[in-house]
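Visitor: For reference, the structure I am asking about is given below.
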Amino acid sequence: MTATRARPTARSAGFGGTVAAEWTKLWSVRSTWWTLLAAVLVTAATAGQLAIYAANANTNDDPADDRGIVTVGSIVIGSMELTQYAVLALGLLVVTSEFTSGTIRTTLQCTPSRGRVLLAKAVVTAAVTFPLGLLLGGVGALVA
């Protein structure tokens, strides 16, 4: 007689299993990919537009006065004012998407601790948005 080993579930795997389940849920839906693409495109478009505005407005002929100089960093920061809404949408999708489809019931059956589920969602959101922010900063600087 051979014993079969059950695969670990989120409940038996602890917090790591809960994070792994949230990670899988995040990357298995198309809205994540579309939101990431939207964030990159909005950053590139806004940084390009702000860079064009800064180049056209830089008409100061006095070399001793540098009021017409705009740094790349300020253009990237300005482009993030619009891009933050795409990143916010990604964070909202991570937390709320299960409620619309009803899969939150399964999540809470597998991991009854709501605090652990919320913490796992926060960890996954941070693990995605931090590198995303670095990528968006690089894209904005490159375009600007």
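Chain lettering (A, B, ...) mirrors the order of the structure tokens, residue numbering begins at 1 for each chain separately, and ligand numbering begins at 1 in order of display.
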Mind checking DSSP for chain A and telling me the alpha helix (DSSP H) residues as a ChimeraX atom specification?
Guide: /A:10-27,30-57,72-101,104-110,114-143
Visitor: What is the distance between CA of Thr96 in chain A and CA of Ala45 in chain A, in Å to one decimal?
Guide: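 Answer for the CA of Thr96 in chain A to CA of Ala45 in chain A separation: 28.3 Å.
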Visitor: Go ahead and compute the interatomic distance for CA of Val87 in chain A and CA of Ser113 in chain A, in Å to one decimal.
Guide: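 Between CA of Val87 in chain A and CA of Ser113 in chain A the gap works out to 26.9 Å.
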Visitor: For Leu93 in chain A, which residue among A:Ala55, A:Thr46, A:Ala144, A:Ala122 is the nearest when counting only C-alpha atoms?
Guide: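 Closest candidate: A:Ala122.
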Visitor: Please identify all polymer residues within 12 Å of Arg116 in chain A, counting only C-alpha atoms, omitting same-chain residues fewer than 5 positions from it, and present them as a PyMOL selection string.
Guide: chain A and resi 10-11+14-19+21-22+107-108+110-111+121-123
